[in-house]
$ cat final33.cif   # mmCIF, C-alpha atoms
data_data
loop_
_atom_site.label_atom_id
_atom_site.label_comp_id
_atom_site.auth_asym_id
_atom_site.auth_seq_id
_atom_site.Cartn_x
_atom_site.Cartn_y
_atom_site.Cartn_z
CA MET A 1177 2.87 -11.33 88.86
CA SER A 1178 4.65 -13.19 86.08
CA GLN A 1179 8.37 -12.79 85.79
CA PRO A 1180 9.85 -11.06 82.71
CA THR A 1181 11.16 -13.40 80.05
CA THR A 1182 13.81 -12.88 77.42
CA TRP A 1183 11.24 -12.31 74.68
CA ASP A 1184 9.69 -9.39 76.62
CA HIS A 1185 12.60 -7.23 75.49
CA PRO A 1186 12.08 -5.86 71.96
CA GLU A 1187 14.42 -7.18 69.33
CA PRO A 1188 17.00 -4.70 68.00
CA LEU A 1189 16.39 -3.30 64.54
CA ALA A 1190 17.55 -5.68 61.87
CA VAL A 1191 20.49 -4.37 59.83
CA SER A 1192 18.69 -5.54 56.70
CA SER A 1193 15.72 -3.27 57.48
CA ALA A 1194 17.71 -0.06 56.93
CA PRO A 1195 16.67 1.71 53.68
CA VAL A 1196 19.95 1.57 51.77
CA PRO A 1197 20.64 4.47 49.34
CA HIS A 1198 19.97 3.84 45.65
CA TYR A 1199 23.59 3.49 44.57
CA GLY A 1200 23.95 2.83 40.87
CA THR A 1201 20.43 3.84 39.87
CA GLY A 1202 19.43 7.02 41.68
CA SER A 1203 21.95 8.47 44.12
CA LEU A 1204 24.05 11.64 44.17
CA ALA A 1205 27.03 9.59 43.02
CA ASP A 1206 25.13 8.77 39.81
CA LEU A 1207 24.31 12.34 38.78
CA LEU A 1208 27.49 13.69 37.18
CA PRO A 1209 28.37 10.42 35.42
CA THR A 1210 24.91 10.47 33.84
CA LEU A 1211 25.31 14.08 32.68
CA ALA A 1212 28.86 13.46 31.44
CA ALA A 1213 27.76 10.36 29.53
CA GLY A 1214 25.22 12.52 27.73
CA MET A 1215 28.11 14.75 26.61
CA ASP A 1216 30.11 11.76 25.34
CA VAL A 1217 32.76 11.81 28.06
CA PRO A 1218 34.64 8.49 27.82
CA GLY A 1219 34.09 6.01 30.62
CA MET A 1220 30.88 7.59 31.90
CA SER A 1221 27.59 5.70 32.07
CA PRO A 1222 24.01 7.05 32.30
CA ALA A 1223 23.19 5.57 35.69
CA ILE A 1224 20.01 7.66 36.13
CA PRO A 1225 18.14 6.63 32.98
CA GLU A 1226 15.36 9.20 33.43
CA LEU A 1227 17.68 12.12 32.61
CA ALA A 1228 17.73 13.14 28.96
CA PRO A 1229 21.12 14.29 27.59
CA ALA A 1230 21.94 17.98 27.17
CA ASP A 1231 24.97 19.73 25.70
CA ARG A 1232 25.22 22.13 28.61
CA ASN A 1233 24.57 20.96 32.17
CA CYS A 1234 24.54 22.93 35.41
CA VAL A 1235 24.19 21.40 38.87
CA PHE A 1236 23.10 23.78 41.64
CA LEU A 1237 23.61 22.09 45.01
CA ILE A 1238 21.78 23.66 47.95
CA ASP A 1239 23.37 22.45 51.16
CA GLY A 1240 20.81 20.94 53.52
CA LEU A 1241 17.64 21.19 51.42
CA GLY A 1242 16.07 17.76 51.56
CA TRP A 1243 13.13 16.59 49.46
CA GLU A 1244 10.75 16.48 52.44
CA GLN A 1245 11.69 19.95 53.66
CA LEU A 1246 11.12 21.44 50.21
CA ARG A 1247 7.83 19.60 49.74
CA ASP A 1248 6.58 20.85 53.12
CA HIS A 1249 7.28 24.56 52.44
CA PRO A 1250 5.52 25.53 49.20
CA ASP A 1251 4.82 29.09 50.34
CA GLU A 1252 8.50 29.82 50.99
CA ALA A 1253 9.72 28.19 47.78
CA PRO A 1254 7.08 28.75 45.09
CA PHE A 1255 9.47 28.45 42.15
CA MET A 1256 11.12 25.22 43.27
CA THR A 1257 7.73 23.84 44.31
CA SER A 1258 6.55 24.42 40.75
CA LEU A 1259 9.43 22.21 39.62
CA LEU A 1260 8.75 19.26 41.93
CA SER A 1261 7.02 17.31 39.18
CA SER A 1262 10.16 17.76 37.03
CA SER A 1263 12.37 15.99 39.58
CA ARG A 1264 14.40 13.05 38.31
CA GLY A 1265 13.56 13.51 34.67
CA ASP A 1266 9.87 14.43 35.09
CA THR A 1267 9.10 11.39 37.23
CA GLY A 1268 8.42 13.59 40.26
CA ARG A 1269 10.66 11.38 42.39
CA PRO A 1270 13.69 12.25 44.54
CA ILE A 1271 17.11 10.64 44.54
CA THR A 1272 19.09 9.56 47.60
CA ALA A 1273 22.13 11.18 49.13
CA GLY A 1274 24.20 8.17 50.21
CA TYR A 1275 25.32 7.01 53.64
CA PRO A 1276 26.05 8.89 55.72
CA ALA A 1277 23.92 11.82 54.58
CA THR A 1278 26.50 14.46 55.41
CA THR A 1279 28.22 17.20 53.45
CA ALA A 1280 31.77 15.89 53.06
CA THR A 1281 30.57 12.45 52.03
CA SER A 1282 27.94 13.78 49.64
CA LEU A 1283 30.15 16.36 47.94
CA ALA A 1284 32.76 13.67 47.35
CA SER A 1285 30.06 11.41 45.89
CA VAL A 1286 28.84 14.20 43.60
CA GLY A 1287 32.27 15.19 42.34
CA THR A 1288 33.86 11.78 41.91
CA GLY A 1289 30.75 9.95 40.78
CA LEU A 1290 31.62 7.23 43.29
CA PRO A 1291 29.88 5.94 46.44
CA PRO A 1292 31.52 6.46 49.85
CA GLY A 1293 33.06 3.00 49.97
CA ALA A 1294 35.14 3.90 46.92
CA HIS A 1295 35.96 7.59 47.32
CA GLY A 1296 36.79 7.01 50.98
CA LEU A 1297 35.02 9.84 52.83
CA PRO A 1298 32.57 7.67 54.77
CA GLY A 1299 31.63 10.12 57.51
CA TYR A 1300 31.94 13.51 59.15
CA THR A 1301 34.84 12.27 61.27
CA VAL A 1302 36.53 8.89 60.74
CA ARG A 1303 39.65 7.19 62.00
CA ASN A 1304 42.79 7.53 59.93
CA PRO A 1305 44.23 4.00 60.04
CA ALA A 1306 47.75 5.35 59.46
CA THR A 1307 47.74 7.55 62.57
CA GLY A 1308 44.93 6.21 64.75
CA GLU A 1309 43.48 9.73 65.00
CA LEU A 1310 40.04 10.95 64.12
CA MET A 1311 40.04 12.99 60.93
CA ASN A 1312 37.42 15.64 60.24
CA GLN A 1313 36.82 15.24 56.51
CA LEU A 1314 34.88 18.50 56.15
CA ARG A 1315 37.57 20.69 57.73
CA TRP A 1316 40.44 18.32 56.79
CA GLN A 1317 41.89 18.26 60.29
CA PRO A 1318 44.38 16.96 61.14
CA TRP A 1319 46.10 17.34 57.81
CA THR A 1320 46.69 14.32 55.61
CA ASP A 1321 47.69 14.08 51.97
CA PRO A 1322 44.46 14.70 50.01
CA ARG A 1323 45.50 12.65 46.97
CA ALA A 1324 46.42 9.68 49.11
CA TRP A 1325 43.12 9.93 50.95
CA GLN A 1326 41.03 10.19 47.74
CA PRO A 1327 43.04 9.13 44.66
CA TYR A 1328 40.32 8.94 42.00
CA PRO A 1329 39.89 11.65 39.36
CA THR A 1330 36.76 13.78 39.56
CA VAL A 1331 34.11 13.76 36.86
CA PHE A 1332 35.03 17.40 36.21
CA GLN A 1333 38.63 16.42 35.49
CA ARG A 1334 37.55 13.65 33.13
CA ALA A 1335 35.11 15.96 31.36
CA HIS A 1336 37.76 18.68 31.03
CA GLU A 1337 40.17 16.17 29.48
CA ALA A 1338 37.43 15.23 27.00
CA GLY A 1339 37.11 18.83 25.82
CA VAL A 1340 34.06 19.82 27.88
CA HIS A 1341 34.12 23.34 29.34
CA THR A 1342 34.00 22.74 33.12
CA ALA A 1343 33.70 25.21 35.97
CA GLN A 1344 32.85 25.40 39.66
CA VAL A 1345 31.23 28.62 40.90
CA SER A 1346 31.23 28.91 44.67
CA SER A 1347 32.46 30.98 47.60
CA PRO A 1348 36.11 32.09 47.20
CA THR A 1349 36.85 30.55 50.61
CA PHE A 1350 36.43 27.07 49.13
CA GLU A 1351 38.83 27.46 46.21
CA ASN A 1352 41.91 25.88 47.75
CA THR A 1353 40.42 23.59 50.38
CA PRO A 1354 41.47 19.92 50.31
CA LEU A 1355 37.83 18.85 49.97
CA THR A 1356 37.45 20.98 46.84
CA LYS A 1357 40.70 19.63 45.42
CA ILE A 1358 39.78 15.98 45.81
CA ALA A 1359 36.04 16.21 45.10
CA LEU A 1360 35.18 19.25 42.99
CA SER A 1361 38.25 20.25 40.98
CA GLY A 1362 38.68 20.19 37.21
CA GLY A 1363 38.50 23.01 34.71
CA THR A 1364 38.23 26.41 36.37
CA PHE A 1365 37.12 27.57 39.82
CA ARG A 1366 35.30 30.91 39.94
CA GLY A 1367 34.78 32.49 43.33
CA LYS A 1368 31.90 34.87 44.02
CA LEU A 1369 30.61 35.94 47.42
CA SER A 1370 26.98 36.85 46.74
CA GLY A 1371 24.40 34.33 45.65
CA GLU A 1372 23.23 36.56 42.84
CA ASP A 1373 26.74 36.90 41.45
CA ARG A 1374 27.16 33.13 41.53
CA MET A 1375 23.97 32.58 39.57
CA ASP A 1376 24.96 35.13 36.94
CA LEU A 1377 28.47 33.70 36.59
CA ALA A 1378 27.19 30.12 36.48
CA ALA A 1379 24.95 31.06 33.56
CA GLN A 1380 27.88 32.73 31.81
CA GLN A 1381 30.09 29.70 32.31
CA LEU A 1382 27.35 27.43 31.04
CA ALA A 1383 27.21 29.43 27.80
CA ALA A 1384 31.01 29.50 27.42
CA GLY A 1385 31.29 26.15 25.61
CA ASP A 1386 29.39 24.07 23.11
CA ARG A 1387 29.55 21.37 25.78
CA SER A 1388 29.63 22.65 29.36
CA LEU A 1389 29.51 21.15 32.85
CA VAL A 1390 29.06 23.74 35.61
CA TYR A 1391 28.61 23.31 39.37
CA THR A 1392 27.44 25.96 41.81
CA TYR A 1393 26.68 25.82 45.51
CA TYR A 1394 24.89 27.63 48.34
CA ALA A 1395 25.50 26.81 52.01
CA GLU A 1396 23.31 28.90 54.29
CA VAL A 1397 20.12 26.83 54.18
CA ASP A 1398 22.16 24.19 56.00
CA GLY A 1399 23.79 26.76 58.29
CA LYS A 1400 20.49 28.20 59.50
CA GLY A 1401 19.04 24.71 59.87
CA HIS A 1402 21.85 23.58 62.15
CA ARG A 1403 21.68 26.69 64.29
CA PHE A 1404 17.96 27.37 64.47
CA GLY A 1405 16.24 24.29 63.04
CA VAL A 1406 14.15 23.67 59.93
CA ASP A 1407 11.09 24.90 61.82
CA SER A 1408 12.57 28.38 62.31
CA ASP A 1409 11.93 31.73 60.66
CA ALA A 1410 15.66 32.04 59.94
CA TRP A 1411 15.60 28.78 57.96
CA ARG A 1412 12.45 29.78 56.11
CA GLY A 1413 14.07 33.09 55.19
CA GLN A 1414 17.01 31.27 53.64
CA LEU A 1415 14.66 28.99 51.72
CA MET A 1416 12.87 32.04 50.31
CA TYR A 1417 16.19 33.57 49.28
CA VAL A 1418 17.56 30.45 47.59
CA ASP A 1419 14.27 29.95 45.77
CA ARG A 1420 14.82 33.34 44.12
CA LEU A 1421 18.39 32.32 43.25
CA VAL A 1422 17.18 29.18 41.48
CA GLN A 1423 14.70 31.23 39.47
CA ARG A 1424 17.38 33.80 38.63
CA LEU A 1425 19.65 31.08 37.24
CA ALA A 1426 16.84 29.28 35.42
CA GLU A 1427 15.86 32.46 33.60
CA GLN A 1428 19.41 32.86 32.23
CA LEU A 1429 19.96 29.40 30.77
CA PRO A 1430 21.59 29.44 27.34
CA PRO A 1431 20.24 27.23 24.53
CA ARG A 1432 20.61 23.43 24.77
CA ALA A 1433 21.05 23.61 28.54
CA ALA A 1434 19.71 21.74 31.56
CA LEU A 1435 19.75 22.97 35.14
CA TYR A 1436 19.55 20.42 37.94
CA VAL A 1437 18.83 21.60 41.49
CA THR A 1438 19.74 19.11 44.20
CA ALA A 1439 21.12 18.88 47.75
CA ASP A 1440 23.64 16.94 49.77
CA HIS A 1441 21.21 15.83 52.49
CA GLY A 1442 18.02 16.74 54.29
CA MET A 1443 17.66 17.65 57.95
CA ILE A 1444 15.63 16.91 61.06
CA ASP A 1445 15.17 18.92 64.27
CA ILE A 1446 15.93 17.04 67.49
CA PRO A 1447 14.46 18.21 70.85
CA PHE A 1448 16.83 19.16 73.66
CA ASP A 1449 16.02 16.56 76.28
CA GLU A 1450 17.55 13.35 77.60
CA GLN A 1451 15.03 11.20 75.76
CA HIS A 1452 16.12 12.51 72.36
CA ARG A 1453 19.78 13.35 73.05
CA ILE A 1454 21.83 10.54 74.53
CA ASP A 1455 25.13 11.92 75.85
CA PHE A 1456 28.00 9.53 75.13
CA ASP A 1457 30.29 11.48 77.47
CA GLU A 1458 27.94 10.75 80.39
CA ASP A 1459 26.92 7.19 79.53
CA TRP A 1460 29.33 4.64 80.96
CA GLU A 1461 27.71 1.75 79.11
CA LEU A 1462 28.21 3.28 75.69
CA ARG A 1463 31.76 4.38 76.55
CA ALA A 1464 32.89 0.95 77.74
CA GLY A 1465 35.52 -0.47 75.41
CA VAL A 1466 35.38 2.50 73.03
CA ALA A 1467 38.69 4.05 71.95
CA LEU A 1468 37.28 6.69 69.56
CA LEU A 1469 33.83 8.05 68.78
CA GLY A 1470 33.51 9.23 65.18
CA GLY A 1471 30.83 10.29 62.76
CA GLU A 1472 28.07 12.57 64.03
CA GLY A 1473 24.98 12.34 66.21
CA ARG A 1474 22.77 10.41 63.80
CA ALA A 1475 25.50 8.44 62.03
CA ARG A 1476 28.17 7.18 64.41
CA HIS A 1477 31.43 5.35 63.73
CA VAL A 1478 32.53 3.59 66.92
CA TYR A 1479 36.13 2.39 67.19
CA ALA A 1480 36.72 -0.20 69.88
CA VAL A 1481 39.85 -0.85 71.89
CA PRO A 1482 41.62 -3.99 70.57
CA GLY A 1483 39.70 -7.13 71.49
CA ALA A 1484 36.53 -5.30 72.57
CA GLN A 1485 34.75 -5.10 69.21
CA SER A 1486 32.21 -7.82 69.94
CA ASP A 1487 31.41 -6.49 73.42
CA VAL A 1488 30.94 -2.95 72.11
CA LEU A 1489 28.62 -4.17 69.36
CA THR A 1490 26.56 -6.17 71.88
CA CYS A 1491 26.31 -3.23 74.27
CA TRP A 1492 25.36 -0.67 71.63
CA ARG A 1493 22.70 -3.02 70.28
CA GLU A 1494 21.24 -3.59 73.74
CA VAL A 1495 21.20 0.10 74.65
CA LEU A 1496 20.27 1.64 71.29
CA GLY A 1497 18.99 -1.15 69.08
CA GLU A 1498 15.33 -0.11 69.22
CA GLN A 1499 16.15 3.40 67.93
CA PHE A 1500 19.28 2.87 65.81
CA TRP A 1501 20.31 0.40 63.19
CA VAL A 1502 23.47 -0.92 64.85
CA ALA A 1503 25.84 -2.97 62.71
CA SER A 1504 29.35 -4.28 62.80
CA ARG A 1505 31.67 -2.93 60.12
CA ASP A 1506 31.35 -6.09 58.06
CA GLU A 1507 27.56 -6.16 58.44
CA ALA A 1508 27.22 -2.55 57.29
CA ILE A 1509 29.48 -3.21 54.31
CA ALA A 1510 27.63 -6.40 53.38
CA ALA A 1511 24.31 -4.57 53.59
CA GLY A 1512 25.60 -1.99 51.10
CA TRP A 1513 25.41 1.05 53.39
CA PHE A 1514 28.55 2.55 51.82
CA GLY A 1515 27.98 1.30 48.30
CA PRO A 1516 28.30 -2.03 46.48
CA THR A 1517 31.98 -2.39 47.41
CA VAL A 1518 34.44 -0.85 49.86
CA ASP A 1519 38.05 -0.25 48.79
CA GLU A 1520 40.75 -1.83 50.92
CA ARG A 1521 42.18 1.58 51.87
CA VAL A 1522 38.72 2.63 53.14
CA TYR A 1523 37.86 -0.49 55.15
CA ALA A 1524 39.48 0.51 58.47
CA ARG A 1525 38.15 4.07 58.24
CA ILE A 1526 34.69 2.65 58.92
CA GLY A 1527 33.85 2.07 62.57
CA ASP A 1528 34.07 -1.32 64.21
CA VAL A 1529 30.45 -0.52 65.04
CA VAL A 1530 28.25 1.70 62.86
CA ALA A 1531 25.07 3.21 64.34
CA ALA A 1532 22.45 4.93 62.15
CA ALA A 1533 19.43 6.58 63.77
CA ARG A 1534 15.93 5.52 62.78
CA ASP A 1535 14.05 7.56 65.39
CA ASP A 1536 14.26 11.26 66.29
CA VAL A 1537 17.31 10.79 68.48
CA LEU A 1538 20.99 11.75 68.65
CA ILE A 1539 24.11 10.40 70.27
CA VAL A 1540 25.78 13.63 71.33
CA ALA A 1541 29.15 14.07 73.03
CA SER A 1542 28.78 17.21 75.11
CA GLU A 1543 32.42 17.42 76.24
CA ARG A 1544 34.35 16.36 73.15
CA GLU A 1545 31.88 17.80 70.59
CA PRO A 1546 30.29 20.85 72.25
CA ARG A 1547 29.52 22.71 69.03
CA GLU A 1548 27.96 19.77 67.23
CA SER A 1549 26.03 18.80 70.36
CA ALA A 1550 24.35 22.22 70.43
CA MET A 1551 22.89 21.96 66.92
CA VAL A 1552 19.10 22.08 66.56
CA GLY A 1553 18.93 20.60 63.05
CA ASN A 1554 20.83 17.38 62.38
CA HIS A 1555 21.35 14.80 59.64
CA GLY A 1556 23.43 11.80 58.66
CA SER A 1557 21.23 8.72 58.76
CA MET A 1558 19.06 6.82 56.29
CA THR A 1559 15.61 8.15 57.14
CA PRO A 1560 13.65 9.81 54.30
CA ALA A 1561 13.98 13.26 55.90
CA GLU A 1562 17.77 12.97 55.65
CA GLN A 1563 18.33 10.75 52.61
CA LEU A 1564 15.87 11.99 50.01
CA VAL A 1565 17.02 14.98 47.98
CA PRO A 1566 15.40 16.69 45.00
CA LEU A 1567 16.68 16.62 41.45
CA LEU A 1568 14.64 19.48 40.02
CA GLN A 1569 15.06 20.18 36.32
CA VAL A 1570 14.80 23.20 34.06
CA ARG A 1571 15.66 22.87 30.37
CA SER A 1572 16.05 25.57 27.75
#

$ encode --input "final33.cif" --output "structure tokens"
Amino acid sequence: MSQPTTWDHPEPLAVSSAPVPHYGTGSLADLLPTLAAGMDVPGMSPAIPELAPADRNCVFLIDGLGWEQLRDHPDEAPFMTSLLSSSRGDTGRPITAGYPATTATSLASVGTGLPPGAHGLPGYTVRNPATGELMNQLRWQPWTDPRAWQPYPTVFQRAHEAGVHTAQVSSPTFENTPLTKIALSGGTFRGKLSGEDRMDLAAQQLAAGDRSLVYTYYAEVDGKGHRFGVDSDAWRGQLMYVDRLVQRLAEQLPPRAALYVTADHGMIDIPFDEQHRIDFDEDWELRAGVALLGGEGRARHVYAVPGAQSDVLTCWREVLGEQFWVASRDEAIAAGWFGPTVDERVYARIGDVVAAARDDVLIVASEREPRESAMVGNHGSMTPAEQLVPLLQVRS
């Protein structure tokens, strides 16, 4: 029997082979600047050229509804399915979320019109360089000054200053959260609990100005996907419900208005077995030299103990490199994962090692992240199921 040779071991995935989001031409960060440019807001550029200007623009963001999930469920979402050909200015194409494809990052990209490397929310949890602690950017724990963390004005604020009527219509529980303040503030916040009430109020706010920019949001498609999976009856029920909400809003559009229906990320179900769920807390190789584990199961930030960065990168590539794109911080930045540039204040928030899943696999942490490790549906990486989101359009 011949002895194994070094070339018998598959090469790790090349960092350059990761499908980088379409920053600057067709990502979530490009949506509001394009709409604001069409309303003559100073400093805004039409980065998505397929979108025709409108005087009144409404963005309805459905948390967790990726392009592939919508496309695969026409019976549950007949109205939105009928709009698929309208996506991205009648091209029938999706846009991309941005990396990582996770709620805090995507909402910041939507509201600021900036990619993650600029707005500075580059993951679900990231290290705060000032304290050395992991910060959960969705729940804003532990507390840090929101304006220091994300200092740029939102597109809503810039539109409001330019005389555009701006409003956010969402759950009242989000009104005073730090994430709302740094990503989605500007103009007025209107809180309504029921989805129907939000649609009705969004339509009213859209009609309230000659130029209007309105944002509304629905969360439970994502919630049911995490808990039960996108192959569950509970998820399908939420898709049916939100499809009716989209139709309700579309039927109330005032004149000279455009409604855009999009999402912050897609989702993928991951089986509960050792082959698909690699437990960091039980894997001594992956833990070696690691001071903090950030991010989430499909988009990890790995922070090494001082001096161990190279060893951690080598180990993670050897163990995971056939299933994950594994990059050093500088490699991920150079490849454009977080956008064309990364601000100096954001640089150290990114992991020494960044791991993005290509296959149907997770890096869970059963002891330190029990809730997240129990999720059926997951997201975060650069695969089409997670990255591609719709940009459905209805115009009056």

$ resolve_selection --input "final33.cif" --expression "the PyMOL selection byres ((chain A and resi 1345-1357) around 10)" --output "PyMOL selection string"
chain A and resi 1236+1280-1281+1283-1284+1287+1297+1313-1316+1319-1323+1326+1330+1343-1344+1358-1362+1364-1371+1373-1379+1381+1390-1395

$ atom_distance --input "final33.cif" --atom1 "CA of Val1418 in chain A" --atom2 "CA of Glu1396 in chain A"
9.0 Å

$ closest_residue --input "final33.cif" --among "A:Ala1531, A:Leu1564, A:Ala1277, A:Ala1524" --to "Ala1508 in chain A" --atoms "only C-alpha atoms"
A:Ala1531

$ atom_distance --input "final33.cif" --atom1 "CA of Glu1187 in chain A" --atom2 "CA of Val1537 in chain A"
18.2 Å

$ closest_residue --input "final33.cif" --among "A:Ala1434, A:Pro1291, A:Val1478, A:Leu1469" --to "Val1518 in chain A" --atoms "only C-alpha atoms"
A:Pro1291

$ resolve_selection --input "final33.cif" --expression "the PyMOL selection byres ((chain A and resi 1530) around 12)" --output "number ranges by chain"
A: 1191, 1275-1276, 1298-1299, 1302, 1469-1480, 1485, 1488-1489, 1492-1493, 1496-1497, 1500-1509, 1511, 1513-1514, 1525-1529, 1531-1533, 1556-1557

$ write_last_selection --input "final33.cif" --atoms "C-alpha atoms" --output "PDB file, in the coordinates of the input"
ATOM      1  CA  VAL A1191      20.490  -4.370  59.830  1.00  0.00           C
ATOM      2  CA  TYR A1275      25.320   7.010  53.640  1.00  0.00           C
ATOM      3  CA  PRO A1276      26.050   8.890  55.720  1.00  0.00           C
ATOM      4  CA  PRO A1298      32.570   7.670  54.770  1.00  0.00           C
ATOM      5  CA  GLY A1299      31.630  10.120  57.510  1.00  0.00           C
ATOM      6  CA  VAL A1302      36.530   8.890  60.740  1.00  0.00           C
ATOM      7  CA  LEU A1469      33.830   8.050  68.780  1.00  0.00           C
ATOM      8  CA  GLY A1470      33.510   9.230  65.180  1.00  0.00           C
ATOM      9  CA  GLY A1471      30.830  10.290  62.760  1.00  0.00           C
ATOM     10  CA  GLU A1472      28.070  12.570  64.030  1.00  0.00           C
ATOM     11  CA  GLY A1473      24.980  12.340  66.210  1.00  0.00           C
ATOM     12  CA  ARG A1474      22.770  10.410  63.800  1.00  0.00           C
ATOM     13  CA  ALA A1475      25.500   8.440  62.030  1.00  0.00           C
ATOM     14  CA  ARG A1476      28.170   7.180  64.410  1.00  0.00           C
ATOM     15  CA  HIS A1477      31.430   5.350  63.730  1.00  0.00           C
ATOM     16  CA  VAL A1478      32.530   3.590  66.920  1.00  0.00           C
ATOM     17  CA  TYR A1479      36.130   2.390  67.190  1.00  0.00           C
ATOM     18  CA  ALA A1480      36.720  -0.200  69.880  1.00  0.00           C
ATOM     19  CA  GLN A1485      34.750  -5.100  69.210  1.00  0.00           C
ATOM     20  CA  VAL A1488      30.940  -2.950  72.110  1.00  0.00           C
ATOM     21  CA  LEU A1489      28.620  -4.170  69.360  1.00  0.00           C
ATOM     22  CA  TRP A1492      25.360  -0.670  71.630  1.00  0.00           C
ATOM     23  CA  ARG A1493      22.700  -3.020  70.280  1.00  0.00           C
ATOM     24  CA  LEU A1496      20.270   1.640  71.290  1.00  0.00           C
ATOM     25  CA  GLY A1497      18.990  -1.150  69.080  1.00  0.00           C
ATOM     26  CA  PHE A1500      19.280   2.870  65.810  1.00  0.00           C
ATOM     27  CA  TRP A1501      20.310   0.400  63.190  1.00  0.00           C
ATOM     28  CA  VAL A1502      23.470  -0.920  64.850  1.00  0.00           C
ATOM     29  CA  ALA A1503      25.840  -2.970  62.710  1.00  0.00           C
ATOM     30  CA  SER A1504      29.350  -4.280  62.800  1.00  0.00           C
ATOM     31  CA  ARG A1505      31.670  -2.930  60.120  1.00  0.00           C
ATOM     32  CA  ASP A1506      31.350  -6.090  58.060  1.00  0.00           C
ATOM     33  CA  GLU A1507      27.560  -6.160  58.440  1.00  0.00           C
ATOM     34  CA  ALA A1508      27.220  -2.550  57.290  1.00  0.00           C
ATOM     35  CA  ILE A1509      29.480  -3.210  54.310  1.00  0.00           C
ATOM     36  CA  ALA A1511      24.310  -4.570  53.590  1.00  0.00           C
ATOM     37  CA  TRP A1513      25.410   1.050  53.390  1.00  0.00           C
ATOM     38  CA  PHE A1514      28.550   2.550  51.820  1.00  0.00           C
ATOM     39  CA  ARG A1525      38.150   4.070  58.240  1.00  0.00           C
ATOM     40  CA  ILE A1526      34.690   2.650  58.920  1.00  0.00           C
ATOM     41  CA  GLY A1527      33.850   2.070  62.570  1.00  0.00           C
ATOM     42  CA  ASP A1528      34.070  -1.320  64.210  1.00  0.00           C
ATOM     43  CA  VAL A1529      30.450  -0.520  65.040  1.00  0.00           C
ATOM     44  CA  ALA A1531      25.070   3.210  64.340  1.00  0.00           C
ATOM     45  CA  ALA A1532      22.450   4.930  62.150  1.00  0.00           C
ATOM     46  CA  ALA A1533      19.430   6.580  63.770  1.00  0.00           C
ATOM     47  CA  GLY A1556      23.430  11.800  58.660  1.00  0.00           C
ATOM     48  CA  SER A1557      21.230   8.720  58.760  1.00  0.00           C
TER      49      SER A1557
END

$ closest_residue --input "final33.cif" --among "A:Ile1271, A:Ile1454, A:Ala1335, A:Leu1568" --to "Val1540 in chain A" --atoms "only C-alpha atoms"
A:Ile1454

$ residues_near_point --input "final33.cif" --point "(20.6, 18.4, 46.0)" --cutoff "9 Å" --atoms "all atoms listed in the file" --output "list in words"
Leu1204, Val1235, Phe1236, Leu1237, Ile1238, Asp1239, Gly1240, Leu1241, Gly1242, Trp1243, Ile1271, Ala1273, Tyr1436, Val1437, Thr1438, Ala1439, Asp1440, His1441, Gly1442, Leu1564, Val1565, Pro1566, Leu1567 and Leu1568 of chain A

$ atom_distance --input "final33.cif" --atom1 "CA of Met1311 in chain A" --atom2 "CA of Gly1293 in chain A"
16.4 Å

$ residues_around --input "final33.cif" --residues "Leu1389 in chain A" --least-positions-apart "5" --cutoff "7 Å" --atoms "all atoms listed in the file" --output "number ranges by chain"
A: 1232-1234, 1340-1343, 1382

$ closest_residue --input "final33.cif" --among "A:Gly1265, A:Pro1327, A:Gly1413, A:Gly1200" --to "Ala1294 in chain A" --atoms "only C-alpha atoms"
A:Pro1327

$ resolve_selection --input "final33.cif" --expression "the PyMOL selection byres ((chain A and resi 1337) around 12)" --output "VMD selection string"
chain A and resid 1212 1216 to 1219 1329 to 1336 1338 to 1342 1362 to 1363

$ closest_atom_pairs --input "final33.cif" --of "range 1353-1401 of chain A" --to "range 1245-1260 of chain A" --cutoff "12 Å" --atoms "only C-alpha atoms" --output "Markdown table"
| residue | atom | partner | partner_atom | distance |
| --- | --- | --- | --- | --- |
| A:Val1397 | CA | A:Gln1245 | CA | 10.9 |
| A:Asp1398 | CA | A:Gln1245 | CA | 11.5 |
| A:Gly1401 | CA | A:Gln1245 | CA | 10.7 |

$ residues_near_point --input "final33.cif" --point "(12.9, 27.6, 61.2)" --cutoff "12 Å" --atoms "all atoms listed in the file" --output "list in words"
Gln1245, His1249, Glu1252, Val1397, Asp1398, Gly1399, Lys1400, Gly1401, His1402, Arg1403, Phe1404, Gly1405, Val1406, Asp1407, Ser1408, Asp1409, Ala1410, Trp1411, Arg1412, Gly1413, Gln1414, Leu1415, Met1416, Met1443, Ile1444, Asp1445, Val1552 and Gly1553 of chain A
